[in-house]
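Student: What follows is final28.txt; its format and atoms are compact mmCIF, C-alpha atoms.
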# COMPACT_ATOMS: atom_id res chain seq x y z
CA MET A 1 -18.55 -35.26 -16.04
CA PRO A 2 -18.54 -34.79 -19.84
CA GLY A 3 -17.24 -37.83 -21.66
CA GLN A 4 -17.66 -40.14 -18.67
CA LYS A 5 -21.19 -41.33 -19.36
CA VAL A 6 -21.53 -44.97 -20.39
CA TYR A 7 -24.44 -45.50 -22.77
CA ILE A 8 -26.56 -48.56 -22.10
CA PHE A 9 -27.66 -50.40 -25.24
CA ASP A 10 -30.23 -53.05 -24.36
CA THR A 11 -30.69 -55.98 -26.73
CA THR A 12 -33.12 -58.05 -24.65
CA LEU A 13 -35.71 -57.78 -27.43
CA ARG A 14 -33.24 -58.92 -30.11
CA ASP A 15 -30.35 -61.02 -28.78
CA GLY A 16 -32.25 -61.98 -25.63
CA GLU A 17 -35.26 -63.13 -27.62
CA GLN A 18 -33.04 -65.52 -29.59
CA VAL A 19 -32.98 -67.82 -26.54
CA PRO A 20 -35.02 -70.98 -27.29
CA GLY A 21 -38.48 -70.61 -25.77
CA CYS A 22 -38.25 -66.84 -25.27
CA LYS A 23 -40.17 -65.71 -28.38
CA LEU A 24 -42.36 -62.68 -27.71
CA ASN A 25 -45.37 -61.27 -29.50
CA THR A 26 -45.65 -57.58 -30.37
CA ALA A 27 -47.70 -56.63 -27.31
CA GLU A 28 -45.15 -58.29 -24.99
CA LYS A 29 -42.29 -56.55 -26.75
CA ILE A 30 -43.98 -53.17 -26.40
CA GLU A 31 -44.53 -53.73 -22.67
CA ILE A 32 -40.86 -54.57 -22.12
CA ALA A 33 -39.69 -51.70 -24.36
CA LEU A 34 -41.70 -49.20 -22.30
CA ALA A 35 -40.21 -50.64 -19.11
CA LEU A 36 -36.70 -50.38 -20.58
CA GLU A 37 -37.29 -46.73 -21.40
CA ALA A 38 -38.56 -46.10 -17.85
CA LEU A 39 -35.42 -47.83 -16.58
CA GLY A 40 -33.30 -45.24 -18.40
CA VAL A 41 -31.88 -47.35 -21.24
CA ASP A 42 -30.32 -45.13 -23.93
CA ILE A 43 -30.70 -47.44 -26.94
CA ILE A 44 -33.22 -50.26 -27.35
CA GLU A 45 -32.41 -52.84 -30.01
CA ALA A 46 -35.98 -53.75 -30.85
CA GLY A 47 -35.37 -56.56 -33.33
CA PHE A 48 -34.02 -57.82 -36.64
CA PRO A 49 -36.66 -56.50 -39.06
CA ILE A 50 -35.89 -58.63 -42.11
CA SER A 51 -35.92 -61.87 -40.12
CA SER A 52 -39.73 -62.14 -40.03
CA PRO A 53 -42.91 -60.09 -40.57
CA GLY A 54 -43.52 -60.29 -36.82
CA ASP A 55 -40.12 -58.79 -36.02
CA PHE A 56 -40.67 -56.03 -38.59
CA GLN A 57 -44.05 -55.21 -37.06
CA SER A 58 -42.68 -55.20 -33.51
CA VAL A 59 -39.86 -52.79 -34.38
CA HIS A 60 -42.34 -50.52 -36.16
CA GLU A 61 -44.86 -50.53 -33.29
CA ILE A 62 -42.18 -49.99 -30.63
CA GLY A 63 -40.97 -46.98 -32.59
CA LYS A 64 -44.42 -45.43 -32.25
CA VAL A 65 -44.55 -45.53 -28.44
CA ILE A 66 -40.98 -44.82 -27.34
CA LYS A 67 -40.35 -41.12 -26.79
CA ASN A 68 -36.77 -40.76 -25.53
CA ALA A 69 -34.67 -43.86 -26.17
CA VAL A 70 -33.08 -44.52 -29.56
CA ILE A 71 -34.76 -47.46 -31.35
CA CYS A 72 -32.33 -49.72 -33.15
CA GLY A 73 -32.85 -52.34 -35.82
CA LEU A 74 -30.29 -55.01 -36.70
CA SER A 75 -29.25 -55.92 -40.23
CA ARG A 76 -26.60 -57.87 -42.04
CA ALA A 77 -24.24 -56.16 -44.50
CA VAL A 78 -26.88 -56.68 -47.18
CA GLN A 79 -28.61 -53.80 -48.96
CA LYS A 80 -32.08 -55.36 -48.70
CA ASP A 81 -31.62 -55.97 -44.95
CA ILE A 82 -30.73 -52.33 -44.43
CA GLU A 83 -33.64 -51.05 -46.53
CA VAL A 84 -36.11 -53.19 -44.57
CA ALA A 85 -34.64 -52.06 -41.24
CA ALA A 86 -34.95 -48.44 -42.35
CA GLU A 87 -38.59 -48.99 -43.30
CA ALA A 88 -39.39 -50.61 -39.95
CA LEU A 89 -37.73 -47.72 -38.10
CA GLN A 90 -39.65 -44.96 -39.90
CA SER A 91 -42.06 -44.68 -36.97
CA ALA A 92 -39.29 -44.04 -34.43
CA LYS A 93 -38.56 -40.53 -33.16
CA ARG A 94 -34.88 -41.45 -32.82
CA ARG A 95 -33.59 -44.34 -34.93
CA ARG A 96 -30.38 -46.30 -35.44
CA ILE A 97 -29.43 -48.94 -37.99
CA HIS A 98 -27.05 -51.57 -36.62
CA THR A 99 -25.27 -53.28 -39.49
CA GLY A 100 -22.04 -55.22 -39.89
CA ILE A 101 -20.14 -58.30 -40.89
CA GLY A 102 -17.77 -60.91 -39.46
CA THR A 103 -14.12 -59.83 -39.39
CA SER A 104 -12.23 -62.77 -37.89
CA ASP A 105 -10.48 -65.23 -40.19
CA TYR A 106 -12.92 -67.86 -38.91
CA HIS A 107 -15.76 -65.86 -40.46
CA ILE A 108 -13.92 -64.55 -43.50
CA LYS A 109 -12.68 -67.95 -44.64
CA SER A 110 -15.24 -70.43 -43.32
CA LYS A 111 -18.46 -68.42 -43.29
CA PHE A 112 -17.96 -66.12 -46.28
CA ASN A 113 -15.25 -67.93 -48.29
CA SER A 114 -13.84 -64.47 -48.85
CA THR A 115 -10.75 -62.32 -48.27
CA ARG A 116 -9.85 -59.58 -45.81
CA GLU A 117 -9.87 -56.95 -48.55
CA ASP A 118 -13.32 -57.95 -49.75
CA ILE A 119 -14.73 -57.89 -46.22
CA LEU A 120 -13.16 -54.47 -45.67
CA GLN A 121 -14.97 -53.12 -48.73
CA ARG A 122 -18.27 -54.76 -47.77
CA ALA A 123 -18.01 -53.29 -44.26
CA ALA A 124 -17.63 -49.75 -45.58
CA GLN A 125 -20.37 -50.27 -48.17
CA CYS A 126 -23.00 -51.41 -45.68
CA VAL A 127 -22.40 -48.30 -43.58
CA LYS A 128 -22.80 -46.10 -46.66
CA TRP A 129 -26.09 -47.79 -47.47
CA ALA A 130 -27.32 -47.26 -43.90
CA ARG A 131 -26.31 -43.60 -43.94
CA ASN A 132 -28.81 -43.05 -46.74
CA PHE A 133 -31.55 -43.52 -44.13
CA THR A 134 -30.15 -42.16 -40.84
CA ASP A 135 -27.20 -40.29 -39.41
CA ASP A 136 -27.08 -42.75 -36.49
CA VAL A 137 -25.33 -45.86 -37.81
CA GLU A 138 -23.65 -48.52 -35.72
CA PHE A 139 -21.27 -51.03 -37.29
CA TYR A 140 -20.56 -54.42 -35.69
CA ALA A 141 -17.37 -56.34 -36.43
CA GLU A 142 -18.68 -59.80 -35.62
CA ASP A 143 -16.15 -61.99 -33.78
CA ALA A 144 -13.91 -58.99 -33.18
CA GLY A 145 -12.70 -60.80 -30.06
CA ARG A 146 -10.84 -63.25 -32.29
CA THR A 147 -9.95 -60.74 -35.01
CA GLU A 148 -6.30 -59.75 -35.40
CA ASN A 149 -5.96 -56.23 -33.97
CA GLU A 150 -4.19 -54.59 -36.91
CA TYR A 151 -6.83 -55.74 -39.37
CA LEU A 152 -9.65 -54.83 -36.98
CA ALA A 153 -8.21 -51.30 -36.73
CA ARG A 154 -8.28 -51.02 -40.54
CA VAL A 155 -11.93 -52.08 -40.62
CA VAL A 156 -12.89 -49.65 -37.86
CA GLU A 157 -11.10 -46.78 -39.57
CA ALA A 158 -12.86 -47.56 -42.86
CA VAL A 159 -16.38 -47.77 -41.41
CA ILE A 160 -15.95 -44.54 -39.45
CA ALA A 161 -14.78 -42.84 -42.65
CA ALA A 162 -17.91 -44.25 -44.33
CA GLY A 163 -20.13 -42.67 -41.67
CA ALA A 164 -20.44 -45.03 -38.70
CA THR A 165 -21.04 -43.14 -35.47
CA THR A 166 -20.73 -46.19 -33.20
CA VAL A 167 -18.35 -49.12 -33.66
CA ASN A 168 -19.32 -52.34 -31.93
CA ILE A 169 -16.44 -54.65 -30.94
CA PRO A 170 -18.18 -57.95 -30.11
CA ASP A 171 -16.57 -60.81 -28.24
CA THR A 172 -19.08 -62.97 -30.09
CA THR A 173 -17.91 -66.31 -28.70
CA GLY A 174 -17.10 -65.07 -25.19
CA TYR A 175 -13.49 -66.14 -25.73
CA CYS A 176 -11.47 -63.14 -24.52
CA LEU A 177 -9.98 -62.72 -21.07
CA PRO A 178 -10.66 -59.29 -19.55
CA HIS A 179 -7.11 -58.03 -20.08
CA GLN A 180 -7.20 -59.20 -23.71
CA TYR A 181 -10.48 -57.49 -24.44
CA GLY A 182 -9.35 -54.32 -22.68
CA GLU A 183 -6.10 -54.32 -24.67
CA LYS A 184 -8.09 -54.71 -27.90
CA ILE A 185 -10.17 -51.63 -27.12
CA ALA A 186 -7.04 -49.71 -26.11
CA TYR A 187 -5.36 -50.72 -29.38
CA LEU A 188 -8.23 -49.21 -31.35
CA VAL A 189 -8.17 -46.02 -29.26
CA ASN A 190 -4.45 -45.62 -29.93
CA ASN A 191 -4.22 -46.80 -33.54
CA VAL A 192 -7.37 -45.71 -35.38
CA PRO A 193 -6.79 -42.10 -36.54
CA ASN A 194 -10.50 -41.16 -36.69
CA ILE A 195 -11.61 -43.07 -33.57
CA ASP A 196 -12.63 -39.77 -31.93
CA LYS A 197 -15.51 -39.53 -34.43
CA ALA A 198 -17.30 -42.62 -33.07
CA VAL A 199 -18.35 -44.25 -29.81
CA ILE A 200 -16.75 -47.63 -29.12
CA SER A 201 -19.25 -50.25 -27.94
CA CYS A 202 -18.74 -53.51 -26.02
CA HIS A 203 -20.88 -56.50 -26.93
CA CYS A 204 -19.66 -59.46 -24.89
CA HIS A 205 -21.03 -62.98 -24.64
CA ASN A 206 -20.80 -65.10 -21.52
CA ASP A 207 -19.52 -68.46 -22.77
CA LEU A 208 -16.71 -68.43 -20.18
CA GLY A 209 -18.60 -66.35 -17.61
CA LEU A 210 -16.55 -63.24 -18.41
CA ALA A 211 -19.05 -60.99 -20.20
CA THR A 212 -19.43 -58.46 -17.37
CA ALA A 213 -15.70 -58.38 -16.60
CA ASN A 214 -14.85 -57.94 -20.28
CA SER A 215 -17.37 -55.12 -20.72
CA ILE A 216 -16.00 -53.23 -17.73
CA ALA A 217 -12.44 -53.78 -19.00
CA GLY A 218 -13.57 -52.33 -22.33
CA VAL A 219 -15.00 -49.23 -20.69
CA ILE A 220 -11.84 -48.67 -18.65
CA SER A 221 -9.88 -48.85 -21.92
CA GLY A 222 -12.03 -46.30 -23.71
CA ALA A 223 -15.37 -47.79 -24.76
CA ARG A 224 -18.42 -45.70 -23.85
CA GLN A 225 -21.30 -48.02 -24.71
CA ILE A 226 -22.18 -51.43 -23.27
CA GLU A 227 -24.56 -53.79 -25.07
CA CYS A 228 -26.40 -55.97 -22.59
CA THR A 229 -29.63 -57.73 -21.69
CA ILE A 230 -31.89 -58.00 -18.66
CA ASN A 231 -30.97 -61.13 -16.66
CA GLY A 232 -28.05 -61.73 -19.04
CA LEU A 233 -30.30 -63.43 -21.61
CA GLY A 234 -28.87 -64.20 -25.03
CA GLU A 235 -27.44 -66.77 -27.41
CA ARG A 236 -25.91 -69.87 -25.80
CA ALA A 237 -24.64 -68.81 -22.33
CA GLY A 238 -26.09 -65.32 -22.71
CA ASN A 239 -24.96 -61.72 -23.03
CA THR A 240 -23.54 -59.19 -20.62
CA SER A 241 -26.05 -58.68 -17.82
CA LEU A 242 -27.41 -55.12 -17.71
CA GLU A 243 -27.98 -55.16 -13.96
CA GLU A 244 -24.41 -56.33 -13.31
CA VAL A 245 -22.54 -53.73 -15.38
CA VAL A 246 -24.77 -50.92 -14.15
CA MET A 247 -24.14 -51.79 -10.50
CA VAL A 248 -20.40 -52.35 -11.04
CA ILE A 249 -20.18 -48.82 -12.45
CA LYS A 250 -22.33 -47.43 -9.63
CA GLN A 251 -20.47 -49.23 -6.82
CA HIS A 252 -17.04 -48.33 -8.16
CA SER A 253 -17.59 -44.59 -8.41
CA THR A 254 -13.83 -43.97 -8.36
CA LEU A 255 -13.73 -45.23 -11.95
CA GLY A 256 -15.40 -41.96 -12.88
CA TYR A 257 -18.25 -43.34 -15.02
CA TYR A 258 -22.02 -43.19 -14.73
CA THR A 259 -25.17 -44.41 -16.49
CA ASN A 260 -28.70 -43.03 -16.63
CA ILE A 261 -30.21 -46.23 -15.25
CA ASN A 262 -32.71 -46.01 -12.38
CA ALA A 263 -31.36 -48.90 -10.31
CA LYS A 264 -34.55 -49.22 -8.24
CA GLN A 265 -36.26 -50.60 -11.33
CA LEU A 266 -33.75 -53.44 -11.83
CA ASN A 267 -35.50 -56.14 -9.81
CA PRO A 268 -39.05 -55.31 -10.96
CA LEU A 269 -37.90 -55.33 -14.60
CA SER A 270 -35.98 -58.56 -14.07
CA ARG A 271 -39.19 -60.20 -12.85
CA LEU A 272 -41.18 -58.78 -15.77
CA VAL A 273 -38.70 -60.14 -18.32
CA SER A 274 -38.47 -63.49 -16.54
CA ASP A 275 -42.25 -63.88 -16.41
CA THR A 276 -42.89 -62.64 -19.95
CA MET A 277 -40.12 -64.67 -21.56
CA ARG A 278 -40.90 -67.67 -19.36
CA MET A 279 -37.23 -67.93 -18.41
CA PRO A 280 -36.49 -68.35 -14.65
CA VAL A 281 -33.64 -66.42 -13.08
CA GLN A 282 -31.07 -68.60 -11.31
CA PRO A 283 -31.38 -68.05 -7.54
CA ASN A 284 -27.73 -67.05 -7.11
CA LYS A 285 -27.81 -64.54 -9.99
CA ALA A 286 -26.05 -61.31 -9.04
CA ILE A 287 -28.30 -58.34 -8.19
CA VAL A 288 -31.64 -59.95 -9.19
CA GLY A 289 -31.44 -63.59 -8.05
CA ALA A 290 -33.75 -64.76 -5.25
CA ASN A 291 -30.73 -65.43 -3.03
CA ALA A 292 -28.77 -62.27 -3.92
CA PHE A 293 -29.50 -60.78 -0.48
CA SER A 294 -30.06 -63.97 1.53
CA HIS A 295 -27.83 -65.14 4.39
CA SER A 296 -27.87 -68.70 5.77
CA SER A 297 -24.40 -69.30 7.24
CA GLY A 298 -24.19 -68.62 10.96
CA ILE A 299 -20.96 -66.64 10.61
CA HIS A 300 -22.45 -64.50 7.84
CA GLN A 301 -25.72 -64.00 9.69
CA ASP A 302 -23.97 -62.87 12.87
CA GLY A 303 -21.82 -60.38 10.96
CA PHE A 304 -24.77 -59.11 8.92
CA LEU A 305 -26.92 -58.57 12.01
CA LYS A 306 -24.17 -56.52 13.63
CA ASP A 307 -23.55 -54.45 10.50
CA ALA A 308 -25.22 -55.17 7.15
CA GLN A 309 -22.19 -53.89 5.24
CA THR A 310 -20.13 -56.72 6.69
CA TYR A 311 -21.60 -59.00 4.02
CA GLU A 312 -23.69 -56.75 1.75
CA ILE A 313 -22.10 -54.16 -0.54
CA ILE A 314 -25.47 -53.15 -2.02
CA ASN A 315 -28.59 -52.10 -0.13
CA PRO A 316 -31.43 -54.29 -1.51
CA GLU A 317 -33.72 -51.27 -1.70
CA GLU A 318 -31.21 -49.60 -4.02
CA VAL A 319 -31.95 -52.17 -6.74
CA GLY A 320 -35.65 -52.67 -6.00
CA ALA A 321 -35.23 -55.99 -4.17
CA ASP A 322 -37.64 -57.04 -1.41
CA GLY A 323 -34.96 -56.80 1.28
CA SER A 324 -32.32 -58.87 3.01
CA LYS A 325 -33.27 -62.31 4.25
CA ILE A 326 -32.03 -64.38 7.16
CA VAL A 327 -32.64 -67.99 6.10
CA LEU A 328 -32.61 -70.47 8.96
CA THR A 329 -30.85 -73.76 8.18
CA ALA A 330 -28.68 -76.24 10.03
CA ARG A 331 -25.77 -73.86 9.29
CA SER A 332 -27.42 -70.96 11.15
CA GLY A 333 -26.23 -69.78 14.54
CA ARG A 334 -27.76 -68.58 17.78
CA SER A 335 -27.78 -64.88 16.85
CA ALA A 336 -29.88 -65.56 13.76
CA LEU A 337 -32.26 -67.75 15.76
CA ALA A 338 -32.66 -65.08 18.45
CA HIS A 339 -33.24 -62.44 15.74
CA ARG A 340 -35.99 -64.46 14.12
CA PHE A 341 -37.69 -65.24 17.44
CA GLN A 342 -37.58 -61.53 18.25
CA LYS A 343 -39.28 -60.70 14.94
CA LEU A 344 -41.99 -63.17 15.89
CA GLY A 345 -42.46 -61.40 19.23
CA PHE A 346 -40.53 -63.80 21.51
CA MET A 347 -37.99 -61.97 23.68
CA TYR A 348 -35.70 -64.77 24.89
CA THR A 349 -32.60 -64.54 27.04
CA ARG A 350 -29.29 -66.06 25.98
CA ASN A 351 -29.97 -69.06 28.25
CA ASP A 352 -33.36 -69.56 26.60
CA ILE A 353 -31.75 -69.49 23.16
CA ASP A 354 -29.14 -72.03 24.22
CA VAL A 355 -31.89 -74.50 25.13
CA LEU A 356 -34.01 -73.71 22.08
CA TYR A 357 -31.01 -73.97 19.75
CA ASP A 358 -30.61 -77.69 20.40
CA GLN A 359 -34.24 -78.28 19.48
CA PHE A 360 -33.90 -75.98 16.47
CA LEU A 361 -30.99 -78.05 15.10
CA LYS A 362 -33.07 -81.21 15.26
CA VAL A 363 -35.72 -79.54 13.09
CA ALA A 364 -33.09 -78.03 10.80
CA ASP A 365 -31.50 -81.42 10.18
CA ARG A 366 -34.86 -82.75 8.98
CA LYS A 367 -35.73 -79.77 6.77
CA LYS A 368 -33.83 -77.66 4.25
CA GLU A 369 -35.19 -74.47 5.77
CA VAL A 370 -36.80 -73.77 9.14
CA GLU A 371 -39.94 -71.68 8.74
CA ASP A 372 -41.71 -69.31 11.13
CA GLU A 373 -44.36 -71.94 11.88
CA ASP A 374 -41.62 -74.32 13.00
CA LEU A 375 -40.27 -71.67 15.36
CA LYS A 376 -43.70 -70.99 16.80
CA GLY A 377 -44.02 -74.69 17.48
CA LEU A 378 -40.66 -74.74 19.27
CA ALA A 379 -41.70 -71.69 21.29
CA SER A 380 -44.97 -73.36 22.35
CA GLN A 381 -43.16 -76.51 23.45
CA TYR A 382 -40.59 -74.47 25.36
CA GLN A 383 -43.22 -72.40 27.15
CA ALA A 384 -45.22 -75.55 28.02
CA LYS A 385 -42.17 -77.13 29.61
CA ALA A 386 -41.39 -73.91 31.45
CA ALA A 387 -44.95 -73.78 32.83
CA VAL A 388 -44.68 -77.37 34.12
CA ALA A 389 -41.32 -76.64 35.70
Mind converting the file's structure to structure tokens?

Tutor:
Amino acid sequence: MPGQKVYIFDTTLRDGEQVPGCKLNTAEKIEIALALEALGVDIIEAGFPISSPGDFQSVHEIGKVIKNAVICGLSRAVQKDIEVAAEALQSAKRRRIHTGIGTSDYHIKSKFNSTREDILQRAAQCVKWARNFTDDVEFYAEDAGRTENEYLARVVEAVIAAGATTVNIPDTTGYCLPHQYGEKIAYLVNNVPNIDKAVISCHCHNDLGLATANSIAGVISGARQIECTINGLGERAGNTSLEEVVMVIKQHSTLGYYTNINAKQLNPLSRLVSDTMRMPVQPNKAIVGANAFSHSSGIHQDGFLKDAQTYEIINPEEVGADGSKIVLTARSGRSALAHRFQKLGFMYTRNDIDVLYDQFLKVADRKKEVEDEDLKGLASQYQAKAAVA
């Protein structure tokens, strides 16, 4: 439906690369950028061109190879920053300059030693500078999550009047609760006269583990772009996880939103980013963690084997995962044990399983996980005893 698309702005190559140890060279960045485009990402934030010659070169080279996605370069509200970003983006078929300034009193007073009126003027000015180079300009109000709503609305109105086509409302410190962030977006929708001339974007950090929830709350309240990273990489505790917001939107179709993301590429791309950035994914990470579709509790395993939807709301194949896993531990039950024996070619009766289960528990108490070789050993012992009997 028109107006219901949520644009996915990926900043893995900019905010994600700021994670200690995750620095990429140009060739690695190009490989990930191509994979992001294949995934269906709408905007790729390729870097912060003025930060280093390497970042400038990467943004420029990525612009040469990407055909459909918008390539975005970050800048501060500094004329030189914006000019350098524009130069780096010259190679891109579709380009965006992402510029902005801090708007909370924490930033205005402590970081800039300035005033609200001065920051308001600087915000509008940086957008005007950027518009000299492209019609696609995004403004970020850094620390908008802790910015007083009335003042934030004044800033947003001013930058849209200056030519911003996207307004980014970052919860830079991950401080907001979902209802607070949603109310902030709703306040802008209802109180900025020219808000219809720009897309509102959510850029949420995960310091309190609320980045995904806050981004979804923002969309429900009127935002139509989410800024995110693969595997939730980013400063400190990370950014909104791309795979999470995409699948929340897909699973909750009654919300009425959609993205252009090819979900089957989520797990392969997660592995590519993890390997290239040398940053492991936590096993219990939603959607792409190694244990995301694993079942070890006997109650869960029994329910899953009877009907997968009892404990899985996503088909693993839908997100490119290897498949569901029944992990045998001391918490597993007889149905899981029988299932695994059957997969190994042993067709045991319920009485057989009752006897084997006692032996299985002895192995399980010694090991964290019972492997197929362990089960084959139990089967051999059981058959030997049966032959003697």

Student: Pick from A:Ala223, A:Ala379, A:Ile82, A:Ile299: nearest to Met347 of chain A, with all atoms listed in the file counted?

Tutor: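 Among the listed residues, A:Ala379 lies closest to Met347 of chain A.
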
Student: Starting from the point (-32.9, -77.8, 10.9), work out which residues of protein, DNA or RNA have an atom no more than 12 Å away when counting only C-alpha atoms; state them as a PyMOL selection string.

Tutor: chain A and resi 296+327-333+337+356-371+374-375+378

Student: For each of A:Val248, A:Ile30, A:Ile71, A:Ile216, take the minimum atom-to-atom distance to Ile313 of chain A, counting only C-alpha atoms, then give the residue where this is smallest.

Tutor: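 Going through A:Val248, A:Ile30, A:Ile71, A:Ile216 one by one, the smallest distance to Ile313 of chain A is for A:Val248.
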
Student: In terms of the shortest atom-to-atom distance over only C-alpha atoms, which of A:Val127, A:Asp354, A:Asp15, A:Glu317 is closest to His205 of chain A?

Tutor: A:Asp15

Student: Extract, using only C-alpha atoms, all DNA, RNA and protein residues at most 7 Å from Asp136 of chain A, discarding same-chain residues fewer than 3 positions from it, and format them as a list in words.

Tutor: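 The residues that qualify are Arg95, Arg96, Ile97 and Thr165 of chain A.
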
Student: Of the candidates A:Phe112, A:Tyr258, A:Tyr106, A:Phe9, which shows the shortest atom-to-atom distance to Leu36 of chain A, using all atoms listed in the file?

Tutor: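 Of all the options, A:Phe9 lies closest to Leu36 of chain A.
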
Student: Counting all atoms listed in the file, figure out which residue out of A:Asp352, A:Asp207, A:Glu150, A:Glu243 gets nearest to Ile185 of chain A.

Tutor: A:Glu150

Student: First collect every listed atom of segment 192-200 of chain A; then fit an axis-aligned box around them, widen it by 6 Å on each side, and give centre and edge lengths in Å to one decimal, as JSON.

Tutor:
{"center_x": -12.6, "center_y": -43.6, "center_z": -32.9, "size_x": 23.6, "size_y": 20.1, "size_z": 19.6}

Student: Between atom CA of Ser215 of chain A and atom CA of Ser58 of chain A, what is the spacing in Å?

Tutor: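 Here the two named atoms are 28.4 Å from each other.
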
Student: What does the distance from atom CA of Cys22 of chain A to atom CA of Arg278 of chain A come to in Å, to one decimal?

Tutor: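 Spanning atom CA of Cys22 of chain A to atom CA of Arg278 of chain A is a straight-line distance of 6.5 Å.
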
Student: Can you check which parts of segment 80-156 of chain A lie within 10 Å of segment 193-202 of chain A? Per residue, the shortest pair of atoms and distance in Å to one decimal, counting all atoms listed in the file, sorted by chain and number, as CSV.

Tutor:
residue,atom,partner,partner_atom,distance
A:Val137,CA,A:Ala198,CA,9.9
A:Glu138,CA,A:Val199,CA,9.0
A:Phe139,CA,A:Ser201,CA,9.6
A:Tyr140,CA,A:Ser201,CA,8.9
A:Ala153,CA,A:Pro193,CA,9.3
A:Arg154,CA,A:Pro193,CA,9.9
A:Val156,CA,A:Ile195,CA,8.0

Student: Show me the residues around (-45.7, -64.7, 23.8) - criterion: an atom at most 10 Å away, only C-alpha atoms counted - as a PyMOL selection string.

Tutor: chain A and resi 344-347+376+379-380+383

Student: Could the residues in this selection be written to a file with C-alpha atoms, as a compact mmCIF listing (two decimals), keeping the file's coordinate frame?

Tutor:
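Saved result, again_22.txt, follows:
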# COMPACT_ATOMS: atom_id res chain seq x y z
CA LEU A 344 -41.99 -63.17 15.89
CA GLY A 345 -42.46 -61.40 19.23
CA PHE A 346 -40.53 -63.80 21.51
CA MET A 347 -37.99 -61.97 23.68
CA LYS A 376 -43.70 -70.99 16.80
CA ALA A 379 -41.70 -71.69 21.29
CA SER A 380 -44.97 -73.36 22.35
CA GLN A 383 -43.22 -72.40 27.15

Student: One decimal, in Å: what's the spacing between atom CA of Ile220 of chain A and atom CA of Gly47 of chain A?

Tutor: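 Pair atom CA of Ile220 of chain A / atom CA of Gly47 of chain A returns 28.8 Å.
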
Student: I'd like to know which of A:Ala92, A:His98, A:Phe304, A:Ala162 is closest to Gln125 of chain A, using all atoms listed in the file.

Tutor: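 Of A:Ala92, A:His98, A:Phe304, A:Ala162, the one nearest Gln125 of chain A is A:Ala162, counting all atoms listed in the file.
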
Student: Step by step: locate segment 70-83 of chain A in the block above, keep N, CA and C atoms, then write the file as a PDB file, in the first residue's frame.

Tutor:
ATOM      1  N   VAL A  70      20.587   3.860  -2.545  1.00  0.00           N
ATOM      2  CA  VAL A  70      21.150   5.195  -2.338  1.00  0.00           C
ATOM      3  C   VAL A  70      22.424   5.059  -1.506  1.00  0.00           C
ATOM      4  N   ILE A  71      23.494   5.735  -1.892  1.00  0.00           N
ATOM      5  CA  ILE A  71      24.737   5.730  -1.120  1.00  0.00           C
ATOM      6  C   ILE A  71      24.791   7.015  -0.309  1.00  0.00           C
ATOM      7  N   CYS A  72      25.033   6.855   0.968  1.00  0.00           N
ATOM      8  CA  CYS A  72      24.984   7.971   1.905  1.00  0.00           C
ATOM      9  C   CYS A  72      26.340   8.185   2.559  1.00  0.00           C
ATOM     10  N   GLY A  73      26.709   9.448   2.718  1.00  0.00           N
ATOM     11  CA  GLY A  73      27.922   9.800   3.430  1.00  0.00           C
ATOM     12  C   GLY A  73      27.588  10.701   4.603  1.00  0.00           C
ATOM     13  N   LEU A  74      28.206  10.431   5.747  1.00  0.00           N
ATOM     14  CA  LEU A  74      27.941  11.199   6.961  1.00  0.00           C
ATOM     15  C   LEU A  74      28.829  12.432   7.025  1.00  0.00           C
ATOM     16  N   SER A  75      28.307  13.493   7.655  1.00  0.00           N
ATOM     17  CA  SER A  75      29.127  14.677   7.906  1.00  0.00           C
ATOM     18  C   SER A  75      28.616  15.386   9.149  1.00  0.00           C
ATOM     19  N   ARG A  76      29.480  16.169   9.744  1.00  0.00           N
ATOM     20  CA  ARG A  76      29.050  17.064  10.804  1.00  0.00           C
ATOM     21  C   ARG A  76      28.464  18.323  10.158  1.00  0.00           C
ATOM     22  N   ALA A  77      27.935  19.224  10.987  1.00  0.00           N
ATOM     23  CA  ALA A  77      27.379  20.484  10.482  1.00  0.00           C
ATOM     24  C   ALA A  77      28.516  21.468  10.225  1.00  0.00           C
ATOM     25  N   VAL A  78      29.460  21.032   9.405  1.00  0.00           N
ATOM     26  CA  VAL A  78      30.659  21.804   9.089  1.00  0.00           C
ATOM     27  C   VAL A  78      30.778  21.845   7.571  1.00  0.00           C
ATOM     28  N   GLN A  79      30.988  23.029   7.019  1.00  0.00           N
ATOM     29  CA  GLN A  79      30.999  23.174   5.565  1.00  0.00           C
ATOM     30  C   GLN A  79      32.030  22.260   4.898  1.00  0.00           C
ATOM     31  N   LYS A  80      33.236  22.180   5.454  1.00  0.00           N
ATOM     32  CA  LYS A  80      34.271  21.340   4.870  1.00  0.00           C
ATOM     33  C   LYS A  80      33.865  19.870   4.879  1.00  0.00           C
ATOM     34  N   ASP A  81      33.269  19.401   5.981  1.00  0.00           N
ATOM     35  CA  ASP A  81      32.768  18.026   6.056  1.00  0.00           C
ATOM     36  C   ASP A  81      31.828  17.727   4.898  1.00  0.00           C
ATOM     37  N   ILE A  82      30.907  18.640   4.677  1.00  0.00           N
ATOM     38  CA  ILE A  82      29.868  18.451   3.665  1.00  0.00           C
ATOM     39  C   ILE A  82      30.474  18.461   2.269  1.00  0.00           C
ATOM     40  N   GLU A  83      31.431  19.343   2.031  1.00  0.00           N
ATOM     41  CA  GLU A  83      32.086  19.405   0.726  1.00  0.00           C
ATOM     42  C   GLU A  83      32.851  18.115   0.434  1.00  0.00           C
TER      43      GLU A  83
END
